[in-house]
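The structure file start_19.cif is reproduced below (mmCIF, C-alpha atoms and all ligand atoms).
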data_final
#
loop_
_atom_site.group_PDB
_atom_site.id
_atom_site.type_symbol
_atom_site.label_atom_id
_atom_site.label_comp_id
_atom_site.auth_asym_id
_atom_site.auth_seq_id
_atom_site.Cartn_x
_atom_site.Cartn_y
_atom_site.Cartn_z
ATOM 1 C CA MET A 1 0.000 0.000 0.000
ATOM 2 C CA LEU A 2 2.981 2.297 0.573
ATOM 3 C CA VAL A 3 5.624 2.190 -2.123
ATOM 4 C CA ILE A 4 8.801 4.185 -1.603
ATOM 5 C CA ASP A 5 11.075 4.247 -4.604
ATOM 6 C CA ASP A 6 14.618 5.598 -4.748
ATOM 7 C CA LEU A 7 13.883 8.275 -2.154
ATOM 8 C CA SER A 8 16.603 10.796 -1.456
ATOM 9 C CA LYS A 9 16.870 13.917 0.644
ATOM 10 C CA GLN A 10 19.585 16.491 0.756
ATOM 11 C CA TYR A 11 18.950 19.364 3.150
ATOM 12 C CA ALA A 12 19.805 22.915 2.118
ATOM 13 C CA THR A 13 22.739 22.713 4.555
ATOM 14 C CA GLY A 14 24.265 20.051 2.295
ATOM 15 C CA ASP A 15 23.536 17.155 4.684
ATOM 16 C CA THR A 16 22.478 14.101 2.709
ATOM 17 C CA ALA A 17 19.939 12.387 4.964
ATOM 18 C CA LEU A 18 18.572 9.721 2.573
ATOM 19 C CA ARG A 19 20.194 7.983 -0.391
ATOM 20 C CA GLY A 20 18.155 5.812 -2.747
ATOM 21 C CA VAL A 21 15.768 4.366 -0.156
ATOM 22 C CA SER A 22 13.242 1.883 -1.615
ATOM 23 C CA PHE A 23 10.779 -0.418 0.128
ATOM 24 C CA THR A 24 7.140 -1.459 0.062
ATOM 25 C CA LEU A 25 4.816 -1.682 3.033
ATOM 26 C CA GLN A 26 1.863 -4.063 2.802
ATOM 27 C CA PRO A 27 -1.589 -3.223 4.234
ATOM 28 C CA GLY A 28 -1.638 -3.921 7.961
ATOM 29 C CA GLN A 29 2.125 -4.342 8.116
ATOM 30 C CA LEU A 30 4.113 -2.871 10.999
ATOM 31 C CA LEU A 31 7.661 -1.850 10.266
ATOM 32 C CA GLY A 32 10.354 -0.863 12.747
ATOM 33 C CA LEU A 33 12.899 1.634 11.491
ATOM 34 C CA ILE A 34 16.167 1.443 13.411
ATOM 35 C CA GLY A 35 19.591 2.989 12.996
ATOM 36 C CA PRO A 36 22.068 5.262 14.738
ATOM 37 C CA SER A 37 21.343 8.894 15.483
ATOM 38 C CA GLY A 38 21.470 10.906 12.262
ATOM 39 C CA ALA A 39 20.819 7.842 10.045
ATOM 40 C CA GLY A 40 17.769 9.536 8.499
ATOM 41 C CA LYS A 41 14.881 7.823 10.320
ATOM 42 C CA SER A 42 12.933 10.981 11.128
ATOM 43 C CA THR A 43 13.685 12.424 7.709
ATOM 44 C CA LEU A 44 12.253 9.306 6.090
ATOM 45 C CA ILE A 45 8.948 9.369 7.925
ATOM 46 C CA ARG A 46 8.648 13.140 7.503
ATOM 47 C CA CYS A 47 9.127 12.745 3.756
ATOM 48 C CA VAL A 48 6.142 10.380 3.695
ATOM 49 C CA ASN A 49 3.733 13.040 4.934
ATOM 50 C CA ARG A 50 5.732 15.804 3.258
ATOM 51 C CA LEU A 51 6.726 17.664 6.420
ATOM 52 C CA VAL A 52 10.080 17.373 4.659
ATOM 53 C CA GLU A 53 10.321 17.751 0.881
ATOM 54 C CA PRO A 54 12.196 14.854 -0.751
ATOM 55 C CA THR A 55 14.835 15.861 -3.285
ATOM 56 C CA GLY A 56 14.456 12.684 -5.360
ATOM 57 C CA GLY A 57 12.397 9.537 -5.811
ATOM 58 C CA SER A 58 8.707 8.903 -5.245
ATOM 59 C CA ILE A 59 6.275 7.918 -2.488
ATOM 60 C CA ARG A 60 2.953 6.320 -3.330
ATOM 61 C CA LEU A 61 0.140 5.568 -0.863
ATOM 62 C CA ARG A 62 -2.263 3.216 -2.661
ATOM 63 C CA ASP A 63 -3.381 5.136 -5.741
ATOM 64 C CA VAL A 64 -1.912 8.528 -4.767
ATOM 65 C CA THR A 65 1.617 9.697 -5.479
ATOM 66 C CA LEU A 66 2.239 11.678 -2.289
ATOM 67 C CA SER A 67 5.529 13.082 -3.483
ATOM 68 C CA SER A 68 3.911 15.125 -6.242
ATOM 69 C CA LEU A 69 0.878 16.517 -4.382
ATOM 70 C CA SER A 70 0.347 20.086 -3.277
ATOM 71 C CA GLY A 71 -2.341 22.346 -1.802
ATOM 72 C CA ALA A 72 -5.777 20.855 -1.122
ATOM 73 C CA ASP A 73 -4.811 17.435 -2.538
ATOM 74 C CA LEU A 74 -1.893 17.213 -0.128
ATOM 75 C CA ARG A 75 -4.079 18.220 2.819
ATOM 76 C CA LYS A 76 -6.609 15.565 1.844
ATOM 77 C CA ALA A 77 -3.931 12.897 1.489
ATOM 78 C CA ARG A 78 -2.490 13.828 4.895
ATOM 79 C CA ARG A 79 -5.761 12.852 6.548
ATOM 80 C CA ARG A 80 -4.924 9.292 5.589
ATOM 81 C CA ILE A 81 -1.658 9.424 7.546
ATOM 82 C CA GLY A 82 -1.618 9.661 11.344
ATOM 83 C CA MET A 83 1.493 10.894 13.165
ATOM 84 C CA ILE A 84 2.579 10.024 16.695
ATOM 85 C CA PHE A 85 5.627 11.813 18.126
ATOM 86 C CA GLN A 86 8.111 11.265 20.928
ATOM 87 C CA GLU A 87 7.237 14.593 22.516
ATOM 88 C CA TYR A 88 3.519 13.953 22.045
ATOM 89 C CA ALA A 89 2.943 17.395 20.440
ATOM 90 C CA LEU A 90 -0.196 17.968 22.519
ATOM 91 C CA VAL A 91 -1.722 21.387 23.056
ATOM 92 C CA GLU A 92 -0.882 21.790 26.742
ATOM 93 C CA ARG A 93 -3.729 24.078 27.805
ATOM 94 C CA LEU A 94 -6.410 22.020 26.048
ATOM 95 C CA THR A 95 -8.159 19.059 27.619
ATOM 96 C CA VAL A 96 -7.542 15.460 26.702
ATOM 97 C CA MET A 97 -10.832 15.428 24.766
ATOM 98 C CA GLU A 98 -9.990 18.625 22.881
ATOM 99 C CA ASN A 99 -6.603 17.251 21.936
ATOM 100 C CA VAL A 100 -8.157 14.073 20.576
ATOM 101 C CA LEU A 101 -10.785 16.055 18.667
ATOM 102 C CA SER A 102 -8.017 18.093 17.081
ATOM 103 C CA GLY A 103 -7.320 14.900 15.111
ATOM 104 C CA ARG A 104 -10.556 15.695 13.270
ATOM 105 C CA LEU A 105 -9.488 19.187 12.211
ATOM 106 C CA GLY A 106 -8.613 17.953 8.731
ATOM 107 C CA TYR A 107 -12.276 17.026 8.273
ATOM 108 C CA VAL A 108 -14.302 19.913 9.719
ATOM 109 C CA GLY A 109 -14.614 23.284 8.003
ATOM 110 C CA PHE A 110 -12.543 26.345 8.884
ATOM 111 C CA TRP A 111 -15.157 28.124 11.026
ATOM 112 C CA ALA A 112 -16.203 24.970 12.817
ATOM 113 C CA SER A 113 -12.588 24.333 13.726
ATOM 114 C CA TRP A 114 -12.086 27.993 14.727
ATOM 115 C CA PHE A 115 -14.908 27.632 17.253
ATOM 116 C CA ARG A 116 -13.856 24.056 17.971
ATOM 117 C CA ARG A 117 -17.333 22.807 17.077
ATOM 118 C CA PHE A 118 -17.244 19.163 16.216
ATOM 119 C CA PRO A 119 -20.044 16.915 14.950
ATOM 120 C CA GLU A 120 -21.655 14.637 17.536
ATOM 121 C CA ALA A 121 -20.257 11.602 15.703
ATOM 122 C CA ASP A 122 -16.707 12.931 16.143
ATOM 123 C CA ILE A 123 -17.256 13.410 19.860
ATOM 124 C CA GLU A 124 -18.659 9.904 20.229
ATOM 125 C CA ARG A 125 -15.721 8.520 18.313
ATOM 126 C CA ALA A 126 -13.306 10.443 20.547
ATOM 127 C CA PHE A 127 -14.971 9.005 23.681
ATOM 128 C CA ALA A 128 -14.717 5.495 22.251
ATOM 129 C CA LEU A 129 -11.029 5.999 21.454
ATOM 130 C CA LEU A 130 -10.266 7.444 24.888
ATOM 131 C CA ASP A 131 -12.003 4.452 26.412
ATOM 132 C CA ARG A 132 -9.940 2.114 24.225
ATOM 133 C CA VAL A 133 -6.635 3.718 25.233
ATOM 134 C CA GLY A 134 -7.628 3.684 28.917
ATOM 135 C CA LEU A 135 -8.135 7.409 29.493
ATOM 136 C CA MET A 136 -11.852 7.595 30.252
ATOM 137 C CA ASP A 137 -11.146 8.974 33.730
ATOM 138 C CA HIS A 138 -9.029 11.811 32.329
ATOM 139 C CA VAL A 139 -11.188 13.159 29.511
ATOM 140 C CA ASP A 140 -11.514 16.666 30.994
ATOM 141 C CA LYS A 141 -7.991 16.988 32.371
ATOM 142 C CA ARG A 142 -5.635 19.431 30.755
ATOM 143 C CA ALA A 143 -2.874 17.804 28.737
ATOM 144 C CA ASP A 144 -0.195 19.359 30.952
ATOM 145 C CA ALA A 145 -1.596 17.521 33.988
ATOM 146 C CA LEU A 146 -0.874 14.061 32.556
ATOM 147 C CA SER A 147 2.012 11.633 32.954
ATOM 148 C CA GLY A 148 4.227 10.777 29.970
ATOM 149 C CA GLY A 149 2.473 7.463 29.355
ATOM 150 C CA GLN A 150 -0.944 9.119 29.516
ATOM 151 C CA ARG A 151 0.214 11.856 27.152
ATOM 152 C CA GLN A 152 1.364 9.299 24.625
ATOM 153 C CA ARG A 153 -2.033 7.583 24.868
ATOM 154 C CA VAL A 154 -3.637 10.917 24.014
ATOM 155 C CA GLY A 155 -1.252 11.218 21.054
ATOM 156 C CA ILE A 156 -2.281 7.745 19.881
ATOM 157 C CA ALA A 157 -6.015 8.492 20.284
ATOM 158 C CA ARG A 158 -5.598 11.773 18.406
ATOM 159 C CA ALA A 159 -3.825 10.056 15.498
ATOM 160 C CA LEU A 160 -6.579 7.424 15.332
ATOM 161 C CA ALA A 161 -9.363 10.038 15.533
ATOM 162 C CA GLN A 162 -8.242 11.089 12.115
ATOM 163 C CA ASP A 163 -9.161 7.614 10.817
ATOM 164 C CA PRO A 164 -5.841 7.036 9.058
ATOM 165 C CA GLU A 165 -4.721 4.127 6.859
ATOM 166 C CA LEU A 166 -1.089 4.553 7.777
ATOM 167 C CA LEU A 167 0.561 5.547 11.056
ATOM 168 C CA LEU A 168 3.962 7.239 11.181
ATOM 169 C CA ILE A 169 5.415 6.989 14.648
ATOM 170 C CA ASP A 170 8.639 8.751 15.638
ATOM 171 C CA GLU A 171 10.245 7.330 18.763
ATOM 172 C CA PRO A 172 7.008 6.808 20.682
ATOM 173 C CA THR A 173 8.741 5.537 23.808
ATOM 174 C CA ALA A 174 11.904 7.632 24.000
ATOM 175 C CA SER A 175 10.617 9.649 26.979
ATOM 176 C CA LEU A 176 9.022 6.734 28.824
ATOM 177 C CA ASP A 177 10.173 4.227 31.419
ATOM 178 C CA PRO A 178 10.675 0.607 30.294
ATOM 179 C CA LYS A 179 7.332 -0.715 31.540
ATOM 180 C CA THR A 180 5.309 2.192 30.150
ATOM 181 C CA SER A 181 7.251 1.829 26.870
ATOM 182 C CA ARG A 182 6.090 -1.754 26.529
ATOM 183 C CA GLN A 183 2.515 -0.811 27.373
ATOM 184 C CA VAL A 184 2.548 1.904 24.721
ATOM 185 C CA MET A 185 4.099 -0.386 22.088
ATOM 186 C CA ARG A 186 1.577 -3.102 22.939
ATOM 187 C CA LEU A 187 -1.273 -0.626 22.601
ATOM 188 C CA ILE A 188 0.029 0.571 19.227
ATOM 189 C CA THR A 189 0.423 -2.957 17.849
ATOM 190 C CA GLU A 190 -2.998 -4.038 19.132
ATOM 191 C CA LEU A 191 -4.720 -0.994 17.643
ATOM 192 C CA CYS A 192 -3.000 -1.513 14.289
ATOM 193 C CA ALA A 193 -4.091 -5.163 14.276
ATOM 194 C CA GLU A 194 -7.682 -4.279 15.250
ATOM 195 C CA ARG A 195 -7.949 -1.700 12.487
ATOM 196 C CA GLY A 196 -5.771 -3.287 9.825
ATOM 197 C CA LEU A 197 -3.502 -0.236 9.946
ATOM 198 C CA ALA A 198 -0.019 -0.180 8.488
ATOM 199 C CA GLY A 199 2.649 1.642 10.461
ATOM 200 C CA ILE A 200 6.259 2.753 10.441
ATOM 201 C CA VAL A 201 7.799 3.062 13.887
ATOM 202 C CA ASN A 202 11.153 4.824 14.384
ATOM 203 C CA ILE A 203 12.653 3.281 17.431
ATOM 204 C CA HIS A 204 16.024 3.363 19.170
ATOM 205 C CA ASP A 205 15.379 0.446 21.481
ATOM 206 C CA VAL A 206 16.278 -2.658 19.472
ATOM 207 C CA GLU A 207 14.936 -5.027 22.092
ATOM 208 C CA LEU A 208 11.572 -3.288 22.089
ATOM 209 C CA ALA A 209 11.533 -3.267 18.283
ATOM 210 C CA GLN A 210 12.170 -7.012 18.187
ATOM 211 C CA MET A 211 9.468 -7.632 20.739
ATOM 212 C CA PHE A 212 6.697 -5.828 18.908
ATOM 213 C CA LEU A 213 7.609 -5.207 15.272
ATOM 214 C CA PRO A 214 7.737 -8.157 12.879
ATOM 215 C CA ARG A 215 9.711 -6.431 10.119
ATOM 216 C CA ILE A 216 12.759 -4.240 10.597
ATOM 217 C CA ILE A 217 14.547 -1.851 8.269
ATOM 218 C CA GLY A 218 18.001 -0.775 9.395
ATOM 219 C CA LEU A 219 19.216 2.591 8.127
ATOM 220 C CA ARG A 220 22.794 3.728 8.216
ATOM 221 C CA ALA A 221 23.934 7.075 6.831
ATOM 222 C CA GLY A 222 20.722 7.386 4.822
ATOM 223 C CA GLU A 223 20.870 3.937 3.225
ATOM 224 C CA ILE A 224 18.989 0.719 3.925
ATOM 225 C CA VAL A 225 21.493 -1.825 5.207
ATOM 226 C CA TYR A 226 18.945 -4.382 6.458
ATOM 227 C CA ASP A 227 15.361 -5.199 5.506
ATOM 228 C CA GLY A 228 14.000 -8.390 6.977
ATOM 229 C CA PRO A 229 12.337 -10.102 9.913
ATOM 230 C CA ALA A 230 13.043 -8.901 13.439
ATOM 231 C CA SER A 231 14.377 -12.387 14.180
ATOM 232 C CA GLY A 232 17.194 -11.767 11.690
ATOM 233 C CA LEU A 233 18.794 -9.030 13.807
ATOM 234 C CA ASN A 234 21.923 -10.920 14.765
ATOM 235 C CA ALA A 235 25.285 -9.489 15.819
ATOM 236 C CA GLU A 236 26.485 -9.223 12.222
ATOM 237 C CA VAL A 237 23.400 -7.277 11.137
ATOM 238 C CA LEU A 238 23.517 -5.008 14.189
ATOM 239 C CA THR A 239 27.159 -4.272 13.447
ATOM 240 C CA ARG A 240 26.202 -3.399 9.879
ATOM 241 C CA ILE A 241 23.562 -0.989 11.167
ATOM 242 C CA TYR A 242 25.210 0.546 14.219
ATOM 243 C CA GLY A 243 28.899 -0.145 13.656
ATOM 244 C CA GLU A 244 31.493 -2.259 15.364
ATOM 245 C CA GLU A 245 32.171 -0.338 18.562
ATOM 246 C CA ASP A 246 28.726 -0.553 20.084
ATOM 247 C CA TRP A 247 28.510 -4.297 19.679
ATOM 248 C CA LYS A 248 31.929 -5.120 21.078
ATOM 249 C CA LYS A 249 30.728 -3.776 24.406
ATOM 250 C CA SER A 250 27.563 -5.836 24.436
ATOM 251 C CA SER A 251 29.249 -9.033 23.268
ATOM 252 C CA GLN A 252 31.888 -8.607 25.959
ATOM 253 C CA SER A 253 29.256 -8.440 28.663
ATOM 254 C CA GLU A 254 27.569 -11.484 27.198
ATOM 255 C CA GLU A 255 30.819 -13.425 27.111
ATOM 256 C CA GLU A 256 31.152 -12.652 30.792
ATOM 257 C CA THR A 257 27.705 -14.145 31.422
ATOM 258 C CA ASP A 258 28.714 -17.126 29.287
ATOM 259 C CA SER A 259 25.847 -16.926 26.827
ATOM 260 C CA ALA A 260 25.849 -17.873 23.144
ATOM 261 C CA PRO A 261 25.625 -16.804 20.398
ATOM 262 C CA ALA A 262 27.666 -13.694 21.144
ATOM 263 C CA GLY A 263 26.091 -10.350 20.553
ATOM 264 C CA VAL A 264 22.398 -11.117 20.354
ATOM 265 C CA ALA A 265 21.391 -13.124 23.380
ATOM 266 C CA SER A 266 20.149 -10.069 25.245
ATOM 267 C CA LEU A 267 18.060 -9.074 22.244
ATOM 268 C CA SER A 268 16.188 -12.325 21.950
ATOM 269 C CA LEU A 269 13.666 -11.973 24.738
ATOM 270 C CA ASP A 270 10.645 -14.150 24.373
ATOM 271 C CA PRO A 271 7.778 -11.689 23.742
ATOM 272 C CA ALA A 272 5.332 -14.000 25.503
ATOM 273 C CA ALA A 273 7.385 -13.731 28.664
ATOM 274 C CA VAL A 274 7.178 -9.967 28.877
ATOM 275 C CA ARG A 275 3.724 -9.173 27.528
HETATM 276 N N1 LIG B 301 16.151 20.433 9.144
HETATM 277 C C1 LIG B 301 17.372 19.950 8.847
HETATM 278 N N2 LIG B 301 18.281 20.710 8.213
HETATM 279 C C2 LIG B 301 19.499 20.226 7.901
HETATM 280 N N3 LIG B 301 19.914 18.973 8.164
HETATM 281 C C3 LIG B 301 19.051 18.169 8.808
HETATM 282 C C4 LIG B 301 17.729 18.610 9.184
HETATM 283 N N4 LIG B 301 17.093 17.591 9.802
HETATM 284 C C5 LIG B 301 17.964 16.568 9.810
HETATM 285 N N5 LIG B 301 19.133 16.904 9.221
HETATM 286 C C6 LIG B 301 20.326 16.051 9.031
HETATM 287 O O1 LIG B 301 19.924 14.898 8.312
HETATM 288 C C7 LIG B 301 20.524 13.722 8.855
HETATM 289 C C8 LIG B 301 19.437 12.741 9.300
HETATM 290 O O2 LIG B 301 18.728 13.308 10.405
HETATM 291 P P1 LIG B 301 17.451 12.615 11.040
HETATM 292 O O3 LIG B 301 16.891 13.553 12.038
HETATM 293 O O4 LIG B 301 16.558 12.145 9.954
HETATM 294 O O5 LIG B 301 18.116 11.352 11.755
HETATM 295 P P2 LIG B 301 17.484 10.312 12.783
HETATM 296 O O6 LIG B 301 17.878 8.953 12.288
HETATM 297 O O7 LIG B 301 16.054 10.575 12.991
HETATM 298 O O8 LIG B 301 18.328 10.620 14.105
HETATM 299 P P3 LIG B 301 17.855 10.502 15.660
HETATM 300 O O9 LIG B 301 17.912 9.043 15.970
HETATM 301 O O10 LIG B 301 18.909 11.271 16.396
HETATM 302 O O11 LIG B 301 16.495 11.080 15.784
HETATM 303 C C9 LIG B 301 21.455 14.216 9.960
HETATM 304 O O12 LIG B 301 22.730 14.363 9.414
HETATM 305 C C10 LIG B 301 20.872 15.555 10.348
HETATM 306 O O13 LIG B 301 21.867 16.409 10.833
HETATM 307 MG MG MG B 302 14.898 11.135 14.636
#

Go through the file and emit its structure as C-alpha cells.
Amino acid sequence: MLVIDDLSKQYATGDTALRGVSFTLQPGQLLGLIGPSGAGKSTLIRCVNRLVEPTGGSIRLRDVTLSSLSGADLRKARRRIGMIFQEYALVERLTVMENVLSGRLGYVGFWASWFRRFPEADIERAFALLDRVGLMDHVDKRADALSGGQRQRVGIARALAQDPELLLIDEPTASLDPKTSRQVMRLITELCAERGLAGIVNIHDVELAQMFLPRIIGLRAGEIVYDGPASGLNAEVLTRIYGEEDWKKSSQSEEETDSAPAGVASLSLDPAAVR
C-alpha cells in the first residue's frame, strides 16, 4: 500500500539524509525503522507526509503519489496518515478530549474548527477511542496535567481520531520508562491489528523493536542496510547498522555471562514472557 522508490533527501545545509531508499509496506504491516542517530529515520517518515520535501524519488500511498501533491490534494492525502511523536505534540492548555478532537481538524470546516465545534459523531468517536486507550477517567484533564504514558495515549487516540490508513510513529517511547514503553508499544500494535492499519515506527530500542515489530529496516547514513524479519537481527546485522564499537561492548558483557551466540542473546527476549 505504501511504495517508496529511490527516495533521497539532501537538506539545504548540504547534509544528505537519505540515499536511494526503496521499500514497500503491505496493508496492515508494521515496520520498525532502526539505525544510529542521524541515520535519516525521522527524515524518512517526515518525507512520507511531506513535512520534509524529498529531493528525489517517489512515495505512493495506494493510488496517490504523495511526493507530487500540493495544496488541497496534499491536505486531503495527509488525513490518511496519522502521526505520533516522541514529545507527544499535545496542546498543553487544552483538555484530553480537545486534543483528541483536534485529530478531526482535517475534516471539519474552517469556522467549525475555529470555534472548535465538532459533529456529535466525532465526539462519540473520541470518547470510544479514549475508552480504548484507557483514558476515560481523564477526559476533561488538561494535557499538561498528565504523565508521559498518559500523554502518549492521548497522542495515539488523536492520530486514530483522524481515521488514518497509515501511522507514522517517531520514537514513541523515547521519553518513557521501560514498563510504560512496553505498554505503549503493545497498545500501538494491538490498535494496528484491530484496524488493519499499516505503520512505520522509528525506534532506538532494538529489544523493544524485536518484541513488537515483525519487520525491521536498518538505516545507516541514509541507506537501507537491512530489511528483513526482526528475528534476523543478529550481531552481524547489528554491526552493519550501528557499527562495530557498540557491539563489542555488548558481546563482551555477554561473554562474561557465558551466553551464546555472542552479541544477540540479550536481544532475543521471548515476547510471551514480557507481555
Ligand atoms: N532540518 C534539517 N536541516 C538540515 N539537516 C538536517 C535537518 N534535519 C535533519 N538533518 C540532518 O539529516 C541527517 C538525518 O537526520 P534525522 O533527524 O533524519 O536522523 P534520525 O535517524 O532521525 O536521528 P535521531 O535518531 O537522532 O532522531 C542528519 O545528518 C541531520 O543532521
Ligand atoms: Mg529522529

Problem set entry | the PyMOL selection byres (((chain A and resi 184-196) around 10) and not hetatm) resolved against shown file, as a VMD selection string | chain A and resid 27 to 30 132 to 134 149 to 150 152 to 153 156 to 157 160 163 to 167 169 172 to 173 176 178 to 183 197 to 199 201 208 to 209 211 to 213 275

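Atom pair CA of Asp5 (chain A) / CA of Gln210 (chain A): separated by 25.4 Å.
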
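Look at region 37-42 of chain A: the protein and nucleic acid residues within 8 Å of it, using all atoms listed in the file and passing over chain neighbours fewer than 5 places away, are A:Ala17, A:Leu18, A:Asp170, A:Asn202, A:Leu219, A:Arg220, A:Ala221, A:Gly222, A:Glu223.
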
Exercise. Interatomic distance between CA of Gly243 (chain A) and CA of Ile224 (chain A)?
Worked result: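 Going from CA of Gly243 (chain A) over to CA of Ile224 (chain A) covers 13.9 Å.
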
What's around Leu25 (chain A) at 7 Å? Count all atoms listed in the file, leave out sequence neighbours fewer than 4 positions away in its own chain, and write the answer as a JSON list (two decimals) with C-alpha atoms, in the coordinates of the input.
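After the write, out-v5.json holds the following:
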[["chain", "number", "residue", "atom", "x", "y", "z"],
["A", 1, "MET", "CA", 0.00, 0.00, 0.00],
["A", 2, "LEU", "CA", 2.98, 2.30, 0.57],
["A", 3, "VAL", "CA", 5.62, 2.19, -2.12],
["A", 29, "GLN", "CA", 2.12, -4.34, 8.12]]

Would you compute the box with edges along x, y and z of the file around ligand LIG 301 (chain B), including every atom the file lists for it and 8 Å extra on each side, and give its centre and edge lengths in Å to one decimal, as lines of an AutoDock Vina configuration file?
center_x = 19.4
center_y = 14.8
center_z = 12.1
size_x = 22.7
size_y = 27.8
size_z = 24.5

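We find CA of Ile59 (chain A) and CA of Gly228 (chain A) to be spaced 20.4 Å apart.
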
Exercise. Taking only C-alpha atoms and all ligand atoms into account, which of A:Gly35, A:Pro119, A:Pro214, A:Gly20 comes nearest ligand LIG 301 (chain B)?
Worked result: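 Ranked by minimum distance to ligand LIG 301 (chain B), first place goes to A:Gly35.
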